[in-house]
>>> print(open('input21.pdb').read())   # PDB, C-alpha atoms
ATOM      1  CA  MET A  80       7.687 -18.710  11.512
ATOM      2  CA  LEU A  81      10.780 -19.281   9.417
ATOM      3  CA  VAL A  82       9.519 -22.754   8.539
ATOM      4  CA  GLY A  83       6.125 -21.299   7.638
ATOM      5  CA  LYS A  84       7.724 -18.821   5.252
ATOM      6  CA  ALA A  85       9.907 -21.539   3.706
ATOM      7  CA  GLN A  86       6.963 -23.901   3.301
ATOM      8  CA  GLY A  87       4.666 -21.206   1.936
ATOM      9  CA  TRP A  88       2.041 -21.296   4.666
ATOM     10  CA  ASP A  89      -1.062 -19.291   3.952
ATOM     11  CA  ASP A  90      -1.341 -15.953   5.699
ATOM     12  CA  SER A  91      -3.953 -17.018   8.256
ATOM     13  CA  ARG A  92      -1.759 -19.865   9.522
ATOM     14  CA  GLU A  93       1.356 -17.701   9.661
ATOM     15  CA  ARG A  94      -0.530 -14.804  11.316
ATOM     16  CA  GLU A  95      -1.986 -17.163  13.930
ATOM     17  CA  LEU A  96       1.507 -18.368  14.816
ATOM     18  CA  PHE A  97       2.737 -14.758  15.056
ATOM     19  CA  GLU A  98      -0.164 -13.823  17.343
ATOM     20  CA  ARG A  99       0.522 -16.789  19.617
ATOM     21  CA  ALA A 100       4.200 -15.873  19.702
ATOM     22  CA  VAL A 101       3.614 -12.259  20.742
ATOM     23  CA  GLN A 102       1.144 -13.377  23.414
ATOM     24  CA  PHE A 103       4.041 -15.317  24.888
ATOM     25  CA  GLU A 104       6.603 -12.494  24.502
ATOM     26  CA  PRO A 105       5.035  -9.234  23.226
ATOM     27  CA  SER A 106       8.263  -7.270  22.729
ATOM     28  CA  TYR A 107      10.483  -9.935  21.173
ATOM     29  CA  GLN A 108      11.647  -8.142  18.030
ATOM     30  CA  TYR A 109      12.450 -11.288  16.046
ATOM     31  CA  PHE A 110       8.764 -12.269  15.918
ATOM     32  CA  TYR A 111       8.012  -8.918  14.284
ATOM     33  CA  LYS A 112      10.981  -9.145  11.942
ATOM     34  CA  SER A 113       9.976 -12.625  10.802
ATOM     35  CA  ARG A 114       6.364 -11.549  10.202
ATOM     36  CA  THR A 115       7.618  -8.512   8.274
ATOM     37  CA  GLU A 116       9.719 -10.667   5.945
ATOM     38  CA  TYR A 117       6.685 -12.846   5.256
ATOM     39  CA  LEU A 118       4.665  -9.725   4.391
ATOM     40  CA  LEU A 119       7.151  -8.357   1.855
ATOM     41  CA  PRO A 120       5.974  -8.621  -1.757
ATOM     42  CA  LYS A 121       9.040 -10.721  -2.599
ATOM     43  CA  TRP A 122       7.555 -13.437  -0.371
ATOM     44  CA  TYR A 123       3.822 -13.577   0.275
ATOM     45  CA  GLY A 124       2.732 -10.006   0.977
ATOM     46  CA  LYS A 125       1.060  -7.327  -1.021
ATOM     47  CA  PRO A 126       2.395  -3.791  -1.537
ATOM     48  CA  ASN A 127       2.138  -1.729   1.670
ATOM     49  CA  GLU A 128       1.362  -4.756   3.838
ATOM     50  CA  ALA A 129       4.737  -4.723   5.606
ATOM     51  CA  THR A 130       4.661  -0.976   6.197
ATOM     52  CA  ASP A 131       1.071  -1.151   7.448
ATOM     53  CA  PHE A 132       2.174  -3.935   9.787
ATOM     54  CA  ALA A 133       5.024  -1.741  11.082
ATOM     55  CA  LYS A 134       2.647   1.063  11.979
ATOM     56  CA  SER A 135      -0.081  -1.094  13.485
ATOM     57  CA  SER A 136       2.386  -3.148  15.547
ATOM     58  CA  ALA A 137       4.190  -0.074  16.874
ATOM     59  CA  ASP A 138       0.931   1.748  17.599
ATOM     60  CA  HIS A 139      -0.464  -1.302  19.401
ATOM     61  CA  MET A 140       2.615  -1.584  21.605
ATOM     62  CA  GLY A 141       2.918   2.176  22.079
ATOM     63  CA  GLY A 142       5.584   4.300  23.721
ATOM     64  CA  ASP A 143       9.310   3.750  23.401
ATOM     65  CA  MET A 144       8.884   0.016  22.895
ATOM     66  CA  GLY A 145       6.496   0.645  20.021
ATOM     67  CA  ASP A 146       9.037   2.949  18.407
ATOM     68  CA  TYR A 147      11.756   0.354  19.012
ATOM     69  CA  ILE A 148       9.659  -2.319  17.266
ATOM     70  CA  TYR A 149       9.085   0.141  14.412
ATOM     71  CA  TRP A 150      12.876   0.538  14.074
ATOM     72  CA  GLU A 151      13.366  -3.230  13.986
ATOM     73  CA  ILE A 152      10.656  -3.702  11.357
ATOM     74  CA  ALA A 153      12.057  -0.818   9.283
ATOM     75  CA  THR A 154      15.473  -2.490   9.166
ATOM     76  CA  VAL A 155      13.849  -5.513   7.527
ATOM     77  CA  ILE A 156      11.790  -3.501   5.065
ATOM     78  CA  LEU A 157      14.673  -1.298   3.989
ATOM     79  CA  LYS A 158      17.281  -4.045   3.679
ATOM     80  CA  LYS A 159      15.148  -6.851   2.275
ATOM     81  CA  GLY A 160      12.839  -4.926   0.023
ATOM     82  CA  ASN A 161      14.134  -6.739  -3.049
ATOM     83  CA  GLY A 162      16.565  -3.938  -3.855
ATOM     84  CA  LYS A 163      13.769  -1.374  -4.200
ATOM     85  CA  LEU A 164      14.450   0.850  -1.225
ATOM     86  CA  ALA A 165      12.912   4.139  -2.335
ATOM     87  CA  PRO A 166       9.273   2.946  -2.506
ATOM     88  CA  PHE A 167       9.565   1.299   0.899
ATOM     89  CA  ALA A 168      11.366   4.292   2.404
ATOM     90  CA  ALA A 169       8.621   6.646   1.287
ATOM     91  CA  GLN A 170       6.007   4.609   3.171
ATOM     92  CA  LEU A 171       7.845   4.601   6.496
ATOM     93  CA  ASP A 172       7.963   7.376   9.083
ATOM     94  CA  TRP A 173      11.570   8.603   9.245
ATOM     95  CA  ALA A 174      10.996  10.478  12.523
ATOM     96  CA  ARG A 175       9.603   7.329  14.121
ATOM     97  CA  ILE A 176      12.521   5.270  12.849
ATOM     98  CA  GLN A 177      14.858   7.737  14.568
ATOM     99  CA  ARG A 178      12.843   7.559  17.805
ATOM    100  CA  GLY A 179      13.043   3.778  17.591
ATOM    101  CA  TYR A 180      16.800   3.920  17.203
ATOM    102  CA  GLN A 181      17.015   6.211  20.250
ATOM    103  CA  ALA A 182      14.884   3.744  22.232
ATOM    104  CA  LEU A 183      17.180   0.920  21.141
ATOM    105  CA  GLN A 184      20.238   2.928  22.106
ATOM    106  CA  SER A 185      18.933   3.900  25.545
ATOM    107  CA  ARG A 186      17.518   0.467  26.450
ATOM    108  CA  PHE A 187      20.072  -1.917  24.996
ATOM    109  CA  GLY A 188      22.900   0.071  23.451
ATOM    110  CA  THR A 189      23.788  -0.255  19.794
ATOM    111  CA  ASN A 190      26.247  -2.362  17.897
ATOM    112  CA  ARG A 191      28.230  -1.801  14.715
ATOM    113  CA  ARG A 192      25.498  -3.121  12.419
ATOM    114  CA  GLU A 193      22.806  -0.934  13.974
ATOM    115  CA  ARG A 194      24.943   2.219  13.808
ATOM    116  CA  ASN A 195      25.631   1.469  10.146
ATOM    117  CA  GLU A 196      21.943   0.763   9.492
ATOM    118  CA  LEU A 197      20.954   4.189  10.800
ATOM    119  CA  ALA A 198      23.618   5.830   8.622
ATOM    120  CA  PHE A 199      22.283   3.901   5.621
ATOM    121  CA  MET A 200      18.712   4.925   6.432
ATOM    122  CA  ALA A 201      19.773   8.555   6.830
ATOM    123  CA  TYR A 202      21.234   8.337   3.339
ATOM    124  CA  GLU A 203      17.999   6.836   2.000
ATOM    125  CA  TYR A 204      16.011   9.664   3.585
ATOM    126  CA  LYS A 205      18.546  12.284   2.411
ATOM    127  CA  ASP A 206      19.126  13.356   6.031
ATOM    128  CA  ARG A 207      22.702  14.566   5.839
ATOM    129  CA  GLY A 208      22.769  15.716   9.500
ATOM    130  CA  ILE A 209      21.906  12.282  10.920
ATOM    131  CA  ALA A 210      24.227  10.641   8.398
ATOM    132  CA  GLN A 211      27.110  12.865   9.542
ATOM    133  CA  GLN A 212      26.463  11.994  13.196
ATOM    134  CA  GLN A 213      26.358   8.299  12.425
ATOM    135  CA  PHE A 214      29.463   8.277  10.264
ATOM    136  CA  ALA A 215      31.289  10.134  13.036
ATOM    137  CA  SER A 216      30.299   7.396  15.495
ATOM    138  CA  ILE A 217      31.109   4.619  13.002
ATOM    139  CA  GLY A 218      34.543   5.889  12.035
ATOM    140  CA  GLY A 219      36.119   3.129   9.967
ATOM    141  CA  ASP A 220      34.017   0.380  11.588
ATOM    142  CA  TRP A 221      31.764  -0.204   8.572
ATOM    143  CA  SER A 222      29.459  -3.216   8.208
ATOM    144  CA  ARG A 223      29.609  -5.334   5.052
ATOM    145  CA  GLY A 224      26.085  -6.585   5.707
ATOM    146  CA  VAL A 225      24.787  -3.025   5.423
ATOM    147  CA  TRP A 226      27.004  -1.458   2.747
ATOM    148  CA  ARG A 227      27.983  -4.429   0.507
ATOM    149  CA  ASP A 228      31.519  -3.090   0.026
ATOM    150  CA  ARG A 229      33.895  -0.483   1.385
ATOM    151  CA  ASN A 230      33.731   1.707  -1.734
ATOM    152  CA  TYR A 231      29.963   2.166  -1.350
ATOM    153  CA  PHE A 232      30.397   2.946   2.362
ATOM    154  CA  GLU A 233      33.083   5.542   1.593
ATOM    155  CA  LYS A 234      31.033   7.108  -1.205
ATOM    156  CA  ILE A 235      28.070   7.680   1.102
ATOM    157  CA  ARG A 236      30.284   8.778   3.994
ATOM    158  CA  ASP A 237      31.964  11.313   1.705
ATOM    159  CA  TRP A 238      28.555  12.569   0.557
ATOM    160  CA  SER A 239      27.561  13.185   4.172
ATOM    161  CA  THR A 240      30.728  14.993   5.207
ATOM    162  CA  ASN A 241      31.764  16.883   2.083
ATOM    163  CA  HIS A 242      28.349  18.250   1.091
ATOM    164  CA  GLU A 243      28.722  16.665  -2.306
ATOM    165  CA  THR A 244      25.713  16.393  -4.564
ATOM    166  CA  TRP A 245      23.517  13.343  -4.148
ATOM    167  CA  PRO A 246      25.441  10.239  -5.319
TER     168      PRO A 246
END
>>> encode(input="input21.pdb", output="structure tokens")
Amino acid sequence: MLVGKAQGWDDSRERELFERAVQFEPSYQYFYKSRTEYLLPKWYGKPNEATDFAKSSADHMGGDMGDYIYWEIATVILKKGNGKLAPFAAQLDWARIQRGYQALQSRFGTNRRERNELAFMAYEYKDRGIAQQQFASIGGDWSRGVWRDRNYFEKIRDWSTNHETWP
């Protein structure tokens, strides 16, 4: 799928490969993440295609695993949306993202990057309560891949804990 994106395969060829892949392993998140990247407008997708894919994939899978897949797809949309997070954020279901994170946490546990991603998403969705919980669990263990630099991390952390106005 990565080769298909790099070589500019047409959507039918790339979709066929994705469908074969999920027949082999239906809950392998990296298939969904790769397909999502392909569907972003910065690559070969149209507006809303990636978010529509998130919903249809999660609904098709259903249950906790569907919510988990939704979380995984959301991480791609929000972090690789060509720097335009707000339009993508508005099209995703914040409650479902949170359920997906809970499914991830209960099934597999979470790592530093994932804890930071949820804090970042909470900031994007202006959910100070979730942001506070996440920053409490993160402590000083910030992720450069999520925040870019420590100053940005600290600015958002301070917003969540000090009830400052929106940065």
>>> resolve_selection(input="input21.pdb", expression="the PyMOL selection byres ((chain A and resi 204) around 9)", output="list in words")
Ala165, Ala168, Ala169, Trp173, Phe199, Met200, Ala201, Tyr202, Glu203, Lys205, Asp206 and Arg207 of chain A
>>> closest_residue(input="input21.pdb", among="A:Gly218, A:Gly224, A:Gly145, A:Gly83", to="Phe97 in chain A", atoms="all atoms listed in the file")
A:Gly83
>>> atom_distance(input="input21.pdb", atom1="CA of Gly179 in chain A", atom2="CA of Arg236 in chain A")
22.5 Å
>>> resolve_selection(input="input21.pdb", expression="the PyMOL selection byres ((chain A and resi 210) around 6)", output="list in words")
Ala198, Ala201, Arg207, Gly208, Ile209, Gln211, Gln212, Gln213 and Ser239 of chain A
>>> write_last_selection(input="input21.pdb", atoms="C-alpha atoms", output="PDB file, keeping the file's coordinate frame")
ATOM      1  CA  ALA A 198      23.618   5.830   8.622  1.00  0.00           C
ATOM      2  CA  ALA A 201      19.773   8.555   6.830  1.00  0.00           C
ATOM      3  CA  ARG A 207      22.702  14.566   5.839  1.00  0.00           C
ATOM      4  CA  GLY A 208      22.769  15.716   9.500  1.00  0.00           C
ATOM      5  CA  ILE A 209      21.906  12.282  10.920  1.00  0.00           C
ATOM      6  CA  GLN A 211      27.110  12.865   9.542  1.00  0.00           C
ATOM      7  CA  GLN A 212      26.463  11.994  13.196  1.00  0.00           C
ATOM      8  CA  GLN A 213      26.358   8.299  12.425  1.00  0.00           C
ATOM      9  CA  SER A 239      27.561  13.185   4.172  1.00  0.00           C
TER      10      SER A 239
END
>>> resolve_selection(input="input21.pdb", expression="the PyMOL selection byres ((chain A and resi 171) around 10)", output="list in words")
Asn127, Ala129, Thr130, Asp131, Ala133, Lys134, Tyr149, Trp150, Ala153, Ile156, Leu157, Pro166, Phe167, Ala168, Ala169, Gln170, Asp172, Trp173, Ala174, Arg175 and Ile176 of chain A
